[in-house]
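Undergrad: Please read through the structure below; I'll follow up with questions.
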Amino acid sequence: TGGFAKQGTVTVSLSAILTALGITDATTLGRTDLVIESDLLLTDGSTVPSAAIVNTGLFAAGAFFPAHQLNYYAEVTANFVPEATTSLASGLALKESAKDTLFVTYDQDLLNTPTIAYSNAAITGAGVVKVADDEFYEIITVTAASTFTGNVTATVTLGEADTFGPVLVQDAKTQTIKVDNTAPQVASSSTGGIVGKGQLATITLNFNEKMSAKSANAIKITIDDPNDGIKDVDITDSAFPATMTLAANGLSASYVFLVEEITAGSAVHGPLTLTYTGGTDEAGNAVAGGITSVSLLLDVAIPPAPTFNVLPVDYDQGTQIKWSVTQTDGGSGGSVEGTVYFVAVTTGSAAPTAVTFDQDANAIWTMATGVTNQGAGQFTTNSSGASGTVYSPFTATGTFDFYAVFVGSTGNVSAIEATPQANVTGVVM
């Protein structure tokens, strides 16, 4: 190839050269014993054939030698053996009676069809099929009613190739096949336990192994309100039961449920019924024993007022009040975690008539006619309904009644009671 100066490569086996020269011992060859001759292409375009060149030593000159090199060497046989590459059509774990296809390709053409063997009788092959001289496959099946779970090794051997004369046999190539006949299990689940109207509940199921991402195997959830006060996630709805979202790692599924009342005030306090259908692992095994429902309480019960405990010692009298609060659910099972809001009035004054909350969750108290708000504040309770010891800033002077309401995490607000929740005497600047 090329323009004026033609270039090319000629390959000939060393054994052919030795035979042609009658040399039986290659170790007797010296560097100058083998010479390459060729025609010369002159700059004027004419050609001088090699047979017309009188001084053959020209071919050993530095001007020609770089282009006329004879390289010969011995290769390691292993470098020429046919090399197999294997893969599976699905690559997923297989359960009993399931099928997959094992593909085998080679880096060169074979003279024969290779052999494939399996390390466990749980896998059987239908016979190796030739697609091309370098491409083969076998359909594999997990034995019907097999209870085996584990890895099976497919070993590909005996592929032969003609490599410049000698027939070389491949090295064994293995492929791991996962067999799974064990049902997945729910390792843990959560709903948050309690939810209020207008709120979101995240329902999560965690599994001990990867679950199938196929739409046909999706986990469906039905959420039913026995009191029919909120919109159900119901199988009778054309859009439901809802499909739970499978995590990217396949180990959990979740659904976010919005509590919507059918009409304003229609929600009724009580447990919701959660049921699940579907769900298999990657091999197609259904969840062991099905998926057990986890409790979720619709909390719309009005909580009782908080109970104050005023602690009269170890505080900076005149600047703060040391106290604590205990909140109960009144037997409803509703939320006891939330915020306590209080307001002070001069002892004997009428109770506030109402309380509302702004967008920043600050209380706005409506005082009875002629009654002055002497100070207000707030603090929180934990999931056990306890506030712990609280030091509330308070600088008014006198003796005061304290009224309070509790706003639970589900949004329910206790009523303002006629009797104050606390009385503090002698708060002096």
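As shown in the structure tokens, the chain order sets the letters A, B, ...; within each chain, residues go from 1, and ligands are also counted from 1 in the order they appear.
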Quick one: everything within 8 Å of range 126-130 of chain A, counting only C-alpha atoms, minus sequence neighbours fewer than 5 positions away in the same chain. Send it as number ranges by chain.
TA: A: 113-116, 135-141
Undergrad: Mind dumping the selected residues with N, CA and C atoms as a CSV table (one decimal), in the first residue's frame?
TA:
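File written: again.csv
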```csv
chain,number,residue,atom,x,y,z
A,113,THR,N,-17.9,-28.4,18.8
A,113,THR,CA,-18.9,-27.8,19.8
A,113,THR,C,-18.4,-28.1,21.2
A,114,PRO,N,-18.3,-27.1,22.0
A,114,PRO,CA,-17.8,-27.3,23.4
A,114,PRO,C,-18.8,-28.1,24.2
A,115,THR,N,-18.3,-28.5,25.4
A,115,THR,CA,-19.1,-29.2,26.4
A,115,THR,C,-19.4,-28.3,27.6
A,116,ILE,N,-20.6,-28.4,28.1
A,116,ILE,CA,-21.0,-27.7,29.3
A,116,ILE,C,-21.5,-28.6,30.3
A,135,GLU,N,-19.7,-19.1,18.2
A,135,GLU,CA,-20.8,-18.7,19.0
A,135,GLU,C,-21.8,-19.9,19.3
A,136,PHE,N,-22.1,-20.1,20.6
A,136,PHE,CA,-22.9,-21.2,21.0
A,136,PHE,C,-23.8,-20.8,22.2
A,137,TYR,N,-24.9,-21.6,22.4
A,137,TYR,CA,-25.7,-21.3,23.6
A,137,TYR,C,-26.4,-22.6,24.0
A,138,GLU,N,-26.9,-22.6,25.3
A,138,GLU,CA,-27.6,-23.8,25.8
A,138,GLU,C,-28.7,-23.2,26.7
A,139,ILE,N,-29.9,-23.7,26.5
A,139,ILE,CA,-31.1,-23.4,27.3
A,139,ILE,C,-31.0,-24.2,28.6
A,140,ILE,N,-31.0,-23.5,29.8
A,140,ILE,CA,-30.9,-24.3,31.0
A,140,ILE,C,-32.3,-24.2,31.8
A,141,THR,N,-32.5,-25.2,32.6
A,141,THR,CA,-33.8,-25.3,33.3
A,141,THR,C,-33.5,-25.7,34.8
```
Undergrad: So that I can see what lies close to range 206-208 of chain A, please list as JSON, numbers by chain the residues with an atom at most 7 Å from it, counting only C-alpha atoms and leaving out residues fewer than 5 positions away in the same chain.
TA: {"A": [184, 185, 186, 187, 188, 189, 251, 252, 253]}
Undergrad: Among range 88-263 of chain A, which ones does DSSP assign to strand (DSSP E or B) (computed from the backbone)? Answer as number ranges by chain.
TA: A: 88, 94, 99-106, 115-118, 123-125, 129-132, 135-142, 150-157, 160-162, 167-169, 173-179, 186-190, 194-195, 200-207, 211, 220-224, 230, 233, 242-243, 245-246, 252-258, 261
Undergrad: Write out as a list in words each polymer residue whose atoms come within 10 Å of Leu297 in chain A, counting only C-alpha atoms; drop sequence neighbours fewer than 2 positions from it.
TA: Thr191, Gly192, Gly193, Ile194, Val195, Gly196, Asp225, His269, Gly270, Pro271, Leu272, Thr273, Ser295, Asp299, Val300, Ser332, Gly333, Gly334 and Ser335 of chain A
Undergrad: Go ahead and dump the residues you just picked, C-alpha atoms, as a compact mmCIF listing (two decimals), in the first residue's frame.
TA:
```
# COMPACT_ATOMS: atom_id res chain seq x y z
CA THR A 191 -46.30 3.08 59.11
CA GLY A 192 -45.48 5.75 61.66
CA GLY A 193 -48.26 4.16 63.73
CA ILE A 194 -50.50 7.21 63.73
CA VAL A 195 -51.70 9.81 61.23
CA GLY A 196 -54.04 12.79 61.29
CA ASP A 225 -61.24 3.07 56.63
CA HIS A 269 -61.07 8.20 65.03
CA GLY A 270 -59.98 4.58 64.73
CA PRO A 271 -57.59 2.08 63.14
CA LEU A 272 -57.22 1.76 59.37
CA THR A 273 -56.97 -1.65 57.71
CA SER A 295 -51.30 -0.99 62.39
CA ASP A 299 -56.12 10.06 64.98
CA VAL A 300 -58.85 12.68 65.08
CA SER A 332 -57.89 7.15 72.57
CA GLY A 333 -54.44 5.92 71.61
CA GLY A 334 -53.88 9.28 69.94
CA SER A 335 -50.71 11.32 69.80
```
Undergrad: If we count only C-alpha atoms and set the cut-off at 10 Å, which residues sit around range 120-125 of chain A, ignoring sequence neighbours fewer than 6 positions away in its own chain? Please answer as a ChimeraX atom specification.
TA: /A:94-102,137-154,177,179
Undergrad: Expressed in Å to a single decimal, how great is the separation between CA of Ala132 in chain A and CA of Glu83 in chain A?
TA: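 It comes out at 15.2 Å.
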Undergrad: Residues at most 8 Å from range 210-217 of chain A, counting only C-alpha atoms, excluding those fewer than 4 positions away in the same chain, as a PyMOL selection string?
TA: chain A and resi 184+246+249-252+278-284
Undergrad: What lies within 6 Å of Phe402 in chain A using only C-alpha atoms, ignoring chain neighbours under 5 positions off, as a ChimeraX atom specification?
TA: /A:343-344,420-423
Undergrad: Choose the residue, out of A:Trp365, A:Asn181, A:Gln378, A:Val310, that has the smallest atom-to-atom separation from Asn285 in chain A; count only C-alpha atoms.
TA: A:Asn181
Undergrad: Which distance in Å separates CA of Gly375 in chain A and CA of Gly330 in chain A, to one decimal?
TA: 28.1 Å
